[in-house]
Amino acid sequence: MGAELSSANDGAVTVVVIAYNDAEHVAEAVASALAQGTAVGEVVVVDDASTDDTPHVLGRLAASEPRVRVVRRAVNSGGCGTPRNDGIDAARHPWLVFLDSDDVLAPKAVDTLLAVALRHDADVAAGLCVRRELPGGREIPWQEQLFTTESVHDGVAGRPQTLWDTLSVNKIYRRDFLVSRRIRFPDGAAHYEDFVFTARVYAAGPRFAVTPETVYIWHVRYGAGRASISLRRDRIQNWQDRVTAHQQVLDIVRESGDQDLLIAAQTKFLEFDLAVYLSELPQRTPEYQDAWWRIAREHVGAFEAEAVRRAALAARWRAEVLLGRERSAADVRRLAELAANPPRLAPPYAGDARRPLWDEASSPSEGTDEIVLDGLAGAPVALLPLYVLGNVGTGRRLVLELRLADLYGRTAHAGPEQATVELRHRVTGAAHRYEAAWEAEPGGHGWRAVVTADVAALCEGGTITTWDAWVTLVFRDGESATRPLRAGSGLRRLVRMGRRGRVMLLQPYATNSGCLAVRVADGLSGMRRVVAGRISRRSRR
């Protein structure tokens, strides 16, 4: 069957690769497209007026491979949308796949997407995208919950969670579908053009198929000289661009006449987009925070009330704080904790279990009303924004003291009994587990548990390994919740003597999101790598 499908669809697909000043990576992207096999009839590379060696690299590729065709723009477009539109116009085959010059297609991605599209007579088929962090190599699935099983849908109204997939590159498109409905990317210097393009696709009501197979590898290059748009969140213009794109998405969905889809698009923004930026807001300057707050408040303030009501518990609370407090009066750090994934709400807890409050509101004469955290009483324990602190103790072994706060009495009502700490290898996901029982603190001020980890088990000969700390809480009735440990005290570099006199360097630290992680350098060679890394970072300052 696979051979029949391949032979019947040889040359059915055009892969459109866009490139700008990316001579270093574009050949790898093109190679990944050519390696897809005979289903790829051509690879159209649109060079957006590159000024580096990209034209020469593409010239050599085109000369050596007849399936490679280069379209060179005379003037740079300023964005990604126009070159992709050029690729749509230049394509000669009935199916389209998009690829960025610094990413790659997964092996057999085109065959997988084409097969599922043909099997279900779909206009569009989507597969799983994996974010590969470089240089470390950790891989994180993108919106994995949308790609658990193969399925097909007539339009996305019956599956509104599809709106969370805003990527254009993890899909195959019937070219006639795009052309007949005049679906194109925004031209020019528009950023987050994928948001607008995918909204136009979804609003057109395609027959839409989904496969759980990985089809796209999104390279996230930290420390690169030119960060991608999604990594430039420290610039307020980036937030303004994202909000502008989302407003266009809402306009597109509104024009389609589907009110439920409009509300779903607004709820998605509250649950995802807002959280991404809120979680980083404490790191920004006061000027950035003020501008961000104003833009966000104006945008969210125009949402349907139903969109806020449908949002998940933490997202609903975040929206209520945004709309109910001025930035200067809001606890930005605490709000950032609530925007983490999974969310956590740090003490203090104002009010009580019957009427939990975000904070102690000022008097009505000062114009600050109470913000009641609705929905807390009925929320499952697994969805509560529980706050667990991890303090690092001293000694020959790694000692972790866990502190669990009582969330408006809900934690006490659930009755925490057991704690299982997992130290997870950041790249491989391998885990070491340690168990302890929760003990109630005097005066009803929460619970405490202590675990001791074997540092030697965390070592990998001559390398530096990083372990993220998670805890699973088990409650009286058997319910459980898994949360990252919040970094507490004791974050300092420690030298330990391991088995047979082996030297180990242990460094507990707080990640950018405030969670506890442990870096371990095994042996003298590992320690030399740590020192070399510090010297390298200082030289770049």
# chains A, B, ... in the order shown; residues from 1 in each chain; ligands from 1
>>> residues_around(residues="Trp164 of chain A", least_positions_apart="3", cutoff="9 Å", atoms="only C-alpha atoms", output="number ranges by chain")
A: 143, 146, 160-161, 167, 265, 268-269, 272
>>> residues_around(residues="Leu357 of chain A", least_positions_apart="5", cutoff="9 Å", atoms="only C-alpha atoms", output="mmCIF file with N, CA, C and O atoms, in the first residue's frame")
data_model
loop_
_atom_site.group_PDB
_atom_site.id
_atom_site.type_symbol
_atom_site.label_atom_id
_atom_site.label_comp_id
_atom_site.auth_asym_id
_atom_site.auth_seq_id
_atom_site.Cartn_x
_atom_site.Cartn_y
_atom_site.Cartn_z
ATOM 1 N N TYR A 349 -2.489 34.535 51.332
ATOM 2 C CA TYR A 349 -3.821 34.263 50.837
ATOM 3 C C TYR A 349 -4.825 35.079 51.652
ATOM 4 O O TYR A 349 -5.108 34.763 52.813
ATOM 5 N N ALA A 350 -5.360 36.126 51.024
ATOM 6 C CA ALA A 350 -6.311 37.011 51.697
ATOM 7 C C ALA A 350 -7.702 36.388 51.676
ATOM 8 O O ALA A 350 -7.994 35.515 50.861
ATOM 9 N N GLY A 351 -8.552 36.859 52.581
ATOM 10 C CA GLY A 351 -9.895 36.301 52.650
ATOM 11 C C GLY A 351 -9.866 34.930 53.307
ATOM 12 O O GLY A 351 -9.002 34.624 54.127
ATOM 13 N N ASP A 352 -10.791 34.075 52.916
ATOM 14 C CA ASP A 352 -10.842 32.730 53.477
ATOM 15 C C ASP A 352 -11.376 31.774 52.421
ATOM 16 O O ASP A 352 -11.591 32.154 51.271
ATOM 17 N N GLU A 370 -12.528 44.496 45.524
ATOM 18 C CA GLU A 370 -12.024 43.156 45.805
ATOM 19 C C GLU A 370 -12.034 42.307 44.531
ATOM 20 O O GLU A 370 -12.925 42.426 43.695
ATOM 21 N N ILE A 371 -11.021 41.474 44.404
ATOM 22 C CA ILE A 371 -10.980 40.496 43.319
ATOM 23 C C ILE A 371 -11.171 39.128 43.949
ATOM 24 O O ILE A 371 -10.280 38.604 44.634
ATOM 25 N N VAL A 372 -12.354 38.561 43.748
ATOM 26 C CA VAL A 372 -12.688 37.264 44.310
ATOM 27 C C VAL A 372 -12.243 36.174 43.334
ATOM 28 O O VAL A 372 -12.533 36.232 42.139
ATOM 29 N N LEU A 373 -11.533 35.193 43.848
ATOM 30 C CA LEU A 373 -11.012 34.110 43.016
ATOM 31 C C LEU A 373 -12.084 33.028 42.871
ATOM 32 O O LEU A 373 -12.069 31.995 43.558
ATOM 33 N N ASP A 374 -13.010 33.285 41.979
ATOM 34 C CA ASP A 374 -14.134 32.367 41.767
ATOM 35 C C ASP A 374 -13.657 31.023 41.237
ATOM 36 O O ASP A 374 -12.692 30.933 40.479
#
>>> residues_around(residues="segment 52-63 of chain A", least_positions_apart="2", cutoff="6 Å", atoms="only C-alpha atoms", output="PyMOL selection string")
chain A and resi 21-23+50+65+68
>>> write_last_selection(atoms="all heavy atoms", output="tab-separated table (two decimals), in the first residue's frame")
chain	number	residue	atom	x	y	z
A	21	ASN	N	19.50	35.76	4.55
A	21	ASN	CA	20.80	35.81	5.23
A	21	ASN	C	21.01	34.61	6.15
A	21	ASN	O	21.35	34.75	7.32
A	21	ASN	CB	20.93	37.12	6.03
A	21	ASN	CG	21.22	38.31	5.12
A	21	ASN	OD1	21.40	38.16	3.91
A	21	ASN	ND2	21.25	39.50	5.70
A	22	ASP	N	20.81	33.43	5.60
A	22	ASP	CA	20.93	32.22	6.41
A	22	ASP	C	21.76	31.16	5.68
A	22	ASP	O	21.37	30.00	5.57
A	22	ASP	CB	19.54	31.67	6.74
A	22	ASP	CG	19.57	30.73	7.94
A	22	ASP	OD1	20.59	30.70	8.64
A	22	ASP	OD2	18.56	30.03	8.17
A	23	ALA	N	22.90	31.60	5.17
A	23	ALA	CA	23.79	30.68	4.45
A	23	ALA	C	24.23	29.52	5.31
A	23	ALA	O	24.53	28.43	4.81
A	23	ALA	CB	25.01	31.45	3.93
A	50	SER	N	18.77	38.26	0.14
A	50	SER	CA	19.86	38.07	1.10
A	50	SER	C	21.10	38.85	0.66
A	50	SER	O	21.37	39.00	-0.54
A	50	SER	CB	20.22	36.59	1.22
A	50	SER	OG	19.17	35.85	1.78
A	65	GLU	N	20.98	19.77	-8.03
A	65	GLU	CA	19.73	19.05	-7.81
A	65	GLU	C	18.62	19.67	-8.65
A	65	GLU	O	18.20	20.80	-8.39
A	65	GLU	CB	19.36	19.09	-6.31
A	65	GLU	CG	18.00	18.56	-5.98
A	65	GLU	CD	17.74	17.15	-6.49
A	65	GLU	OE1	18.41	16.20	-6.02
A	65	GLU	OE2	16.87	17.01	-7.37
A	68	VAL	N	15.47	21.50	-7.13
A	68	VAL	CA	15.60	22.77	-6.41
A	68	VAL	C	15.45	23.92	-7.39
A	68	VAL	O	16.14	23.99	-8.41
A	68	VAL	CB	16.95	22.88	-5.69
A	68	VAL	CG1	17.12	24.26	-5.06
A	68	VAL	CG2	17.06	21.78	-4.62
>>> closest_residue(among="A:Glu255, A:Glu306, A:Asp121, A:Asp100", to="Val152 of chain A", atoms="only C-alpha atoms")
A:Asp121
>>> closest_atom_pairs(of="segment 438-509 of chain A", to="segment 411-420 of chain A", cutoff="6 Å", atoms="only C-alpha atoms", output="Markdown table")
| residue | atom | partner | partner_atom | distance |
| --- | --- | --- | --- | --- |
| A:Trp438 | CA | A:Glu417 | CA | 5.3 |
| A:Val471 | CA | A:Thr420 | CA | 5.4 |
| A:Thr472 | CA | A:Thr420 | CA | 5.1 |
| A:Leu473 | CA | A:Ala419 | CA | 4.9 |
| A:Val474 | CA | A:Gln418 | CA | 5.1 |
| A:Phe475 | CA | A:Pro416 | CA | 4.3 |
| A:Arg476 | CA | A:Gly415 | CA | 5.1 |
>>> atom_distance(atom1="atom CA of Ala29 of chain A", atom2="atom CA of Val427 of chain A")
23.4 Å
>>> select_by_dssp(residues="segment 274-518 of chain A", states="helix (DSSP H, G or I)", output="PyMOL selection string")
chain A and resi 274-278+281-283+286-301+305-310+313-324+327-329+332-338+364-366+381-383+410-414+442-444+455-458+499-501
>>> closest_atom_pairs(of="segment 55-96 of chain A", to="segment 109-119 of chain A", cutoff="12 Å", atoms="only C-alpha atoms", output="JSON lines")
{"residue": "A:Pro94", "atom": "CA", "partner": "A:Leu114", "partner_atom": "CA", "distance": 10.8}
{"residue": "A:Trp95", "atom": "CA", "partner": "A:Leu114", "partner_atom": "CA", "distance": 8.2}
{"residue": "A:Leu96", "atom": "CA", "partner": "A:Val110", "partner_atom": "CA", "distance": 9.6}
>>> closest_residue(among="A:Glu280, A:Asp522, A:Glu401, A:Asp260", to="Glu460 of chain A", atoms="only C-alpha atoms")
A:Asp522
>>> select_by_dssp(residues="segment 152-399 of chain A", states="strand (DSSP E or B)", output="count of residues only")
35
>>> closest_residue(among="A:Gly514, A:Gly393, A:Pro442, A:Gly378", to="Arg492 of chain A", atoms="only C-alpha atoms")
A:Gly393
>>> residues_around(residues="Pro212 of chain A", least_positions_apart="3", cutoff="6 Å", atoms="only C-alpha atoms", output="MDAnalysis selection string")
chainID A and resid 127:128 147:149
>>> write_last_selection(atoms="all heavy atoms", output="compact mmCIF listing (two decimals), in the first residue's frame")
# COMPACT_ATOMS: atom_id res chain seq x y z
N GLY A 127 0.50 17.81 11.53
CA GLY A 127 1.20 16.85 12.37
C GLY A 127 1.94 17.56 13.50
O GLY A 127 1.96 18.79 13.59
N LEU A 128 2.56 16.77 14.34
CA LEU A 128 3.23 17.30 15.52
C LEU A 128 4.52 18.02 15.15
O LEU A 128 5.30 17.54 14.33
CB LEU A 128 3.55 16.16 16.49
CG LEU A 128 4.22 16.54 17.81
CD1 LEU A 128 3.29 17.38 18.67
CD2 LEU A 128 4.65 15.29 18.57
N PHE A 147 -2.36 16.47 19.18
CA PHE A 147 -1.89 15.48 18.22
C PHE A 147 -1.76 14.10 18.86
O PHE A 147 -0.75 13.42 18.69
CB PHE A 147 -0.55 15.93 17.62
CG PHE A 147 -0.63 17.26 16.94
CD1 PHE A 147 -0.27 18.43 17.61
CD2 PHE A 147 -1.07 17.36 15.64
CE1 PHE A 147 -0.34 19.66 16.99
CE2 PHE A 147 -1.15 18.59 15.00
CZ PHE A 147 -0.80 19.74 15.68
N THR A 148 -2.77 13.69 19.58
CA THR A 148 -2.71 12.41 20.29
C THR A 148 -3.16 11.25 19.41
O THR A 148 -2.67 10.12 19.56
CB THR A 148 -3.58 12.45 21.55
OG1 THR A 148 -4.92 12.83 21.18
CG2 THR A 148 -3.03 13.47 22.55
N THR A 149 -4.10 11.48 18.49
CA THR A 149 -4.61 10.42 17.63
C THR A 149 -4.89 10.99 16.24
O THR A 149 -5.05 12.19 16.07
CB THR A 149 -5.92 9.82 18.17
OG1 THR A 149 -6.90 10.86 18.30
CG2 THR A 149 -5.71 9.14 19.51
>>> atom_distance(atom1="atom CA of Gly301 of chain A", atom2="atom CA of Leu261 of chain A")
18.3 Å
